[in-house]
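Printed here is coords23.pdb (PDB, C-alpha atoms):
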MODEL        1
ATOM      1  CA  MET A  22     123.964  84.320 130.689  1.00  0.00           C
ATOM      2  CA  ARG A  23     122.357  85.061 127.362  1.00  0.00           C
ATOM      3  CA  ARG A  24     120.181  81.966 127.676  1.00  0.00           C
ATOM      4  CA  HIS A  25     118.849  83.108 131.099  1.00  0.00           C
ATOM      5  CA  PHE A  26     117.929  86.440 129.565  1.00  0.00           C
ATOM      6  CA  TRP A  27     115.797  84.821 126.870  1.00  0.00           C
ATOM      7  CA  VAL A  28     114.150  82.477 129.357  1.00  0.00           C
ATOM      8  CA  ALA A  29     113.194  85.508 131.485  1.00  0.00           C
ATOM      9  CA  VAL A  30     111.911  87.396 128.441  1.00  0.00           C
ATOM     10  CA  LEU A  31     109.638  84.478 127.562  1.00  0.00           C
ATOM     11  CA  VAL A  32     108.558  83.322 131.037  1.00  0.00           C
ATOM     12  CA  VAL A  33     107.754  86.649 132.735  1.00  0.00           C
ATOM     13  CA  PRO A  34     105.089  87.788 130.218  1.00  0.00           C
ATOM     14  CA  VAL A  35     103.446  84.351 130.317  1.00  0.00           C
ATOM     15  CA  GLY A  36     103.327  84.551 134.120  1.00  0.00           C
ATOM     16  CA  LEU A  37     101.751  87.987 133.985  1.00  0.00           C
ATOM     17  CA  LEU A  38      99.113  86.793 131.521  1.00  0.00           C
ATOM     18  CA  ALA A  39      98.332  83.768 133.686  1.00  0.00           C
ATOM     19  CA  ALA A  40      97.762  86.023 136.702  1.00  0.00           C
ATOM     20  CA  GLY A  41      94.768  87.543 134.908  1.00  0.00           C
ATOM     21  CA  PRO A  42      93.622  91.131 134.638  1.00  0.00           C
ATOM     22  CA  ILE A  43      94.386  93.583 137.417  1.00  0.00           C
ATOM     23  CA  PRO A  44      91.086  94.816 138.889  1.00  0.00           C
ATOM     24  CA  ILE A  45      90.491  98.522 138.257  1.00  0.00           C
ATOM     25  CA  LEU A  46      87.949 100.886 139.787  1.00  0.00           C
ATOM     26  CA  GLU A  47      86.917 103.232 137.017  1.00  0.00           C
ATOM     27  CA  VAL A  48      84.723 106.273 136.555  1.00  0.00           C
ATOM     28  CA  VAL A  49      83.422 106.275 132.991  1.00  0.00           C
ATOM     29  CA  ASP A  50      81.630 108.772 130.786  1.00  0.00           C
ATOM     30  CA  ALA A  51      79.251 106.070 129.528  1.00  0.00           C
ATOM     31  CA  THR A  52      77.752 108.417 126.934  1.00  0.00           C
ATOM     32  CA  ARG A  53      81.092 108.772 125.127  1.00  0.00           C
ATOM     33  CA  ASP A  54      82.795 105.592 126.431  1.00  0.00           C
ATOM     34  CA  ALA A  55      85.675 107.592 127.951  1.00  0.00           C
ATOM     35  CA  ILE A  56      87.509 106.864 131.201  1.00  0.00           C
ATOM     36  CA  LEU A  57      87.466 109.872 133.539  1.00  0.00           C
ATOM     37  CA  TRP A  58      89.404 108.281 136.420  1.00  0.00           C
ATOM     38  CA  GLN A  59      90.823 104.870 137.210  1.00  0.00           C
ATOM     39  CA  GLY A  60      92.895 103.267 139.925  1.00  0.00           C
ATOM     40  CA  PRO A  61      93.696  99.843 141.357  1.00  0.00           C
ATOM     41  CA  ALA A  62      90.688  98.203 143.019  1.00  0.00           C
ATOM     42  CA  GLU A  63      91.513  96.634 146.376  1.00  0.00           C
ATOM     43  CA  PRO A  64      89.333  95.157 149.129  1.00  0.00           C
ATOM     44  CA  GLY A  65      88.511  97.811 151.717  1.00  0.00           C
ATOM     45  CA  MET A  66      89.102 100.732 149.354  1.00  0.00           C
ATOM     46  CA  GLN A  67      86.691 103.610 149.959  1.00  0.00           C
ATOM     47  CA  PHE A  68      85.472 106.320 147.619  1.00  0.00           C
ATOM     48  CA  LEU A  69      82.954 109.146 147.823  1.00  0.00           C
ATOM     49  CA  LEU A  70      80.341 110.591 145.529  1.00  0.00           C
ATOM     50  CA  ARG A  71      79.152 114.096 146.437  1.00  0.00           C
ATOM     51  CA  TYR A  72      76.458 116.127 144.712  1.00  0.00           C
ATOM     52  CA  ILE A  73      73.718 118.694 145.179  1.00  0.00           C
ATOM     53  CA  HIS A  74      70.236 117.136 145.104  1.00  0.00           C
ATOM     54  CA  SER A  75      68.488 118.344 141.949  1.00  0.00           C
ATOM     55  CA  SER A  76      65.123 119.306 143.469  1.00  0.00           C
ATOM     56  CA  GLU A  77      65.851 119.917 147.159  1.00  0.00           C
ATOM     57  CA  ARG A  78      69.161 121.712 146.421  1.00  0.00           C
ATOM     58  CA  VAL A  79      70.870 120.199 149.495  1.00  0.00           C
ATOM     59  CA  PRO A  80      74.242 118.411 149.625  1.00  0.00           C
ATOM     60  CA  VAL A  81      74.250 114.604 149.486  1.00  0.00           C
ATOM     61  CA  GLU A  82      77.255 112.358 150.005  1.00  0.00           C
ATOM     62  CA  GLY A  83      77.599 108.631 149.450  1.00  0.00           C
ATOM     63  CA  VAL A  84      80.462 106.707 151.016  1.00  0.00           C
ATOM     64  CA  PHE A  85      81.228 103.410 149.292  1.00  0.00           C
ATOM     65  CA  ARG A  86      83.676 100.563 149.952  1.00  0.00           C
ATOM     66  CA  LEU A  87      84.910  97.615 147.912  1.00  0.00           C
ATOM     67  CA  ASP A  88      84.335  94.315 149.718  1.00  0.00           C
ATOM     68  CA  ALA A  89      86.561  91.203 149.603  1.00  0.00           C
ATOM     69  CA  ASP A  90      85.041  90.268 146.214  1.00  0.00           C
ATOM     70  CA  LEU A  91      85.566  93.846 144.922  1.00  0.00           C
ATOM     71  CA  ARG A  92      81.840  94.574 144.894  1.00  0.00           C
ATOM     72  CA  ILE A  93      80.635  98.116 145.623  1.00  0.00           C
ATOM     73  CA  VAL A  94      79.052  98.332 149.083  1.00  0.00           C
ATOM     74  CA  VAL A  95      77.125 101.337 150.425  1.00  0.00           C
ATOM     75  CA  GLU A  96      78.830 102.371 153.676  1.00  0.00           C
ATOM     76  CA  GLU A  97      76.977 105.579 154.466  1.00  0.00           C
ATOM     77  CA  THR A  98      74.587 108.111 152.985  1.00  0.00           C
ATOM     78  CA  ALA A  99      74.695 111.685 154.252  1.00  0.00           C
ATOM     79  CA  PHE A 100      72.239 114.467 153.463  1.00  0.00           C
ATOM     80  CA  ALA A 101      71.491 117.914 154.846  1.00  0.00           C
ATOM     81  CA  SER A 102      67.694 117.650 155.170  1.00  0.00           C
ATOM     82  CA  PHE A 103      64.676 115.505 154.365  1.00  0.00           C
ATOM     83  CA  GLY A 104      62.567 115.878 151.235  1.00  0.00           C
ATOM     84  CA  PRO A 105      61.363 114.223 148.019  1.00  0.00           C
ATOM     85  CA  GLY A 106      63.961 111.911 146.521  1.00  0.00           C
ATOM     86  CA  LEU A 107      66.108 111.915 149.651  1.00  0.00           C
ATOM     87  CA  PRO A 108      66.487 108.851 151.899  1.00  0.00           C
ATOM     88  CA  GLU A 109      63.605 108.080 154.210  1.00  0.00           C
ATOM     89  CA  MET A 110      64.409 106.928 157.704  1.00  0.00           C
ATOM     90  CA  PRO A 111      61.842 104.608 159.283  1.00  0.00           C
ATOM     91  CA  PRO A 112      61.360 105.135 163.025  1.00  0.00           C
ATOM     92  CA  GLY A 113      64.278 103.670 164.966  1.00  0.00           C
ATOM     93  CA  THR A 114      66.813 104.013 162.133  1.00  0.00           C
ATOM     94  CA  PRO A 115      70.176 104.792 163.732  1.00  0.00           C
ATOM     95  CA  TYR A 116      71.850 107.972 162.526  1.00  0.00           C
ATOM     96  CA  VAL A 117      74.322 110.625 163.599  1.00  0.00           C
ATOM     97  CA  ILE A 118      74.501 114.317 162.810  1.00  0.00           C
ATOM     98  CA  ARG A 119      78.031 115.373 161.939  1.00  0.00           C
ATOM     99  CA  ASP A 120      79.345 118.328 159.943  1.00  0.00           C
ATOM    100  CA  GLY A 121      75.782 119.583 159.432  1.00  0.00           C
ATOM    101  CA  MET A 122      74.732 116.344 157.720  1.00  0.00           C
ATOM    102  CA  ILE A 123      72.392 113.510 158.756  1.00  0.00           C
ATOM    103  CA  ARG A 124      74.505 110.353 158.352  1.00  0.00           C
ATOM    104  CA  VAL A 125      72.893 106.919 157.979  1.00  0.00           C
ATOM    105  CA  ALA A 126      74.815 103.644 157.746  1.00  0.00           C
ATOM    106  CA  GLY A 127      74.352 101.859 154.427  1.00  0.00           C
ATOM    107  CA  ALA A 128      73.284  98.483 155.876  1.00  0.00           C
ATOM    108  CA  GLY A 129      75.706  96.712 153.526  1.00  0.00           C
ATOM    109  CA  GLN A 130      73.720  97.179 150.307  1.00  0.00           C
ATOM    110  CA  VAL A 131      75.762  95.755 147.394  1.00  0.00           C
ATOM    111  CA  LEU A 132      75.624  97.455 143.986  1.00  0.00           C
ATOM    112  CA  PRO A 133      76.946  96.046 140.692  1.00  0.00           C
ATOM    113  CA  GLU A 134      77.838  99.613 139.661  1.00  0.00           C
ATOM    114  CA  LEU A 135      76.764 103.210 140.238  1.00  0.00           C
ATOM    115  CA  SER A 136      75.022 105.002 137.362  1.00  0.00           C
ATOM    116  CA  PHE A 137      73.885 108.626 137.361  1.00  0.00           C
ATOM    117  CA  PHE A 138      73.443 111.638 135.106  1.00  0.00           C
ATOM    118  CA  VAL A 139      75.466 114.788 135.760  1.00  0.00           C
ATOM    119  CA  HIS A 140      74.318 118.366 135.259  1.00  0.00           C
ATOM    120  CA  PRO A 141      75.995 121.684 136.020  1.00  0.00           C
ATOM    121  CA  PHE A 142      73.577 122.362 138.910  1.00  0.00           C
ATOM    122  CA  THR A 143      74.188 118.980 140.612  1.00  0.00           C
ATOM    123  CA  ASP A 144      77.919 119.574 141.090  1.00  0.00           C
ATOM    124  CA  HIS A 145      78.805 115.852 141.113  1.00  0.00           C
ATOM    125  CA  VAL A 146      82.282 115.148 142.496  1.00  0.00           C
ATOM    126  CA  PHE A 147      84.038 111.768 142.758  1.00  0.00           C
ATOM    127  CA  VAL A 148      86.773 111.356 145.377  1.00  0.00           C
ATOM    128  CA  GLY A 149      88.974 108.255 145.252  1.00  0.00           C
ATOM    129  CA  ARG A 150      92.519 107.548 146.439  1.00  0.00           C
ATOM    130  CA  GLY A 151      92.867 111.178 147.494  1.00  0.00           C
ATOM    131  CA  GLU A 152      92.009 112.444 144.014  1.00  0.00           C
ATOM    132  CA  ARG A 153      89.025 114.694 143.339  1.00  0.00           C
ATOM    133  CA  VAL A 154      87.253 114.622 139.954  1.00  0.00           C
ATOM    134  CA  ALA A 155      84.706 117.409 139.369  1.00  0.00           C
ATOM    135  CA  LEU A 156      82.341 115.548 137.039  1.00  0.00           C
ATOM    136  CA  SER A 157      79.623 118.185 136.559  1.00  0.00           C
ATOM    137  CA  SER A 158      82.054 120.902 135.544  1.00  0.00           C
ATOM    138  CA  ARG A 159      83.948 118.544 133.240  1.00  0.00           C
ATOM    139  CA  LEU A 160      81.050 116.982 131.324  1.00  0.00           C
ATOM    140  CA  PRO A 161      78.052 118.266 129.346  1.00  0.00           C
ATOM    141  CA  GLY A 162      74.696 118.213 131.145  1.00  0.00           C
ATOM    142  CA  GLY A 163      72.866 114.911 130.776  1.00  0.00           C
ATOM    143  CA  THR A 164      76.031 112.799 130.545  1.00  0.00           C
ATOM    144  CA  LEU A 165      75.622 109.269 131.927  1.00  0.00           C
ATOM    145  CA  VAL A 166      78.450 108.374 134.325  1.00  0.00           C
ATOM    146  CA  LYS A 167      79.181 104.892 135.686  1.00  0.00           C
ATOM    147  CA  ILE A 168      81.447 103.873 138.545  1.00  0.00           C
ATOM    148  CA  ARG A 169      82.398 100.197 138.348  1.00  0.00           C
ATOM    149  CA  VAL A 170      85.106  97.614 138.899  1.00  0.00           C
ATOM    150  CA  ARG A 171      86.586  96.138 135.747  1.00  0.00           C
ATOM    151  CA  GLY A 172      88.598  92.903 135.707  1.00  0.00           C
ATOM    152  CA  SER A 173      87.344  91.663 139.076  1.00  0.00           C
ATOM    153  CA  PRO A 174      87.706  88.003 140.055  1.00  0.00           C
TER
ENDMDL
END
Same coordinates, now as structure tokens:
Amino acid sequence: MRRHFWVAVLVVPVGLLAAGPIPILEVVDATRDAILWQGPAEPGMQFLLRYIHSSERVPVEGVFRLDADLRIVVEETAFASFGPGLPEMPPGTPYVIRDGMIRVAGAGQVLPELSFFVHPFTDHVFVGRGERVALSSRLPGGTLVKIRVRGSP
């Protein structure tokens, strides 16, 4: 019995190490190298980034998904009006208007990570796994934030 215990104590950690790192989706204060939110990264997982556009002062929302390789894919961009710095829609671009927002499919654009600066007036909010992180009210203006997957295959 005692021998089985020691075998388990030695074998289980080695097995866990051999499995490699567990992929994590993380929101990082890149200016101070501090993790603001993290959770397990899984294929199909969605998260949102909401903010107020700095010059047009209209709400913008990005919907993102992790693909089978745990890459960040743009699912949808939603905005309340057109203007400088907001998405342009060439003629024929499919869209829907829902909840007072123009919603455009993301066409599968893959991003290595998301990087942006927060300010009090942009009201950046991350929503992932049912958790809401108010970035602009939590961080000093001008803070660089990154959303990325760490430990992916």
### Distance query segment 147-149 of chain A at most 6 Å, only C-alpha atoms, self and fewer than 5 positions along chain excluded, as a PyMOL selection string
chain A and resi 68-70+154
### Message
Residue by residue, what does the PyMOL selection byres ((chain A and resi 82) around 6) grab here? Present the result as a PyMOL selection string.
### Response
chain A and resi 70-71+81+83+98-99
### Query
Taking into account all atoms listed in the file, which residue in the set A:Arg86, A:His140, A:His74, A:Arg53 is nearest to Ser157 of chain A?
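Selected residue with least distance to Ser157 of chain A: A:His140.
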### Task
Give me the residues within 7 Å of Val170 of chain A as a list in words, counting all atoms listed in the file and dropping any in the same chain fewer than 3 places off.
Pro44, Ile45, Leu46, Glu47, Ala62 and Ser173 of chain A
### Query
Closest to Gln67 of chain A among A:Arg171, A:Arg119, A:Arg150, A:His145, using all atoms listed in the file?
A:Arg150
#### Entry: Atomic separation - atom CA of Pro133 of chain A relative to atom CA of Leu156 of chain A, Å
20.6 Å
#### Entry: Selected residue, from A:Gly65, A:Ala89, A:Phe100, A:Ser75, that lies nearest to Phe142 of chain A when counting all atoms listed in the file
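Using all atoms listed in the file, Phe142 of chain A sits closest to A:Ser75.
Of the listed residues (A:Arg153, A:Arg124, A:Arg92, A:Arg169), A:Arg169 comes nearest to Ile56 of chain A; the distances count all atoms listed in the file.
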Env of Gly127 of chain A: 8 Å cut, atoms = all atoms listed in the file, seq-sep filter 4 positions within chain, self excluded. Answer as a PDB file with C-alpha atoms, keeping the file's coordinate frame.
ATOM      1  CA  VAL A  94      79.052  98.332 149.083  1.00  0.00           C
ATOM      2  CA  VAL A  95      77.125 101.337 150.425  1.00  0.00           C
ATOM      3  CA  GLU A  96      78.830 102.371 153.676  1.00  0.00           C
ATOM      4  CA  GLU A  97      76.977 105.579 154.466  1.00  0.00           C
ATOM      5  CA  THR A  98      74.587 108.111 152.985  1.00  0.00           C
TER       6      THR A  98
END
### Message
For a test of reading the model, state the distance in Å between atom CA of Ile43 of chain A and atom CA of Glu152 of chain A, rounded to one decimal.
### Response
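So the answer is 20.1 Å.
If you measure from each of A:Gly172, A:Asp90, A:Val125, A:Val166 to Gly60 of chain A using only C-alpha atoms, the closest one turns out to be A:Gly172.
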### Task
Using only C-alpha atoms, determine which residues lie at most 12 Å from Ser102 of chain A, disregarding the query and same-chain residues fewer than 6 positions distant; provide the list as number ranges by chain.
A: 73-74, 77-81, 108-110, 118, 121-124
### Message
Using all atoms listed in the file for the distances, tell me which of A:Val48, A:Thr114, A:Leu135, A:Leu91 is nearest to Pro64 of chain A.
### Response
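Distance minimum relative to Pro64 of chain A lands on A:Leu91.
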#### Entry: Hits of the PyMOL selection byres ((chain A and resi 158-162) around 8) in this structure, as a VMD selection string
chain A and resid 138 to 141 144 155 to 157 163 to 164
### Query
So how far away is atom CA of Ala126 of chain A from atom CA of Phe85 of chain A, in Å?
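Separation between atom CA of Phe85 of chain A and atom CA of Ala126 of chain A: 10.6 Å.
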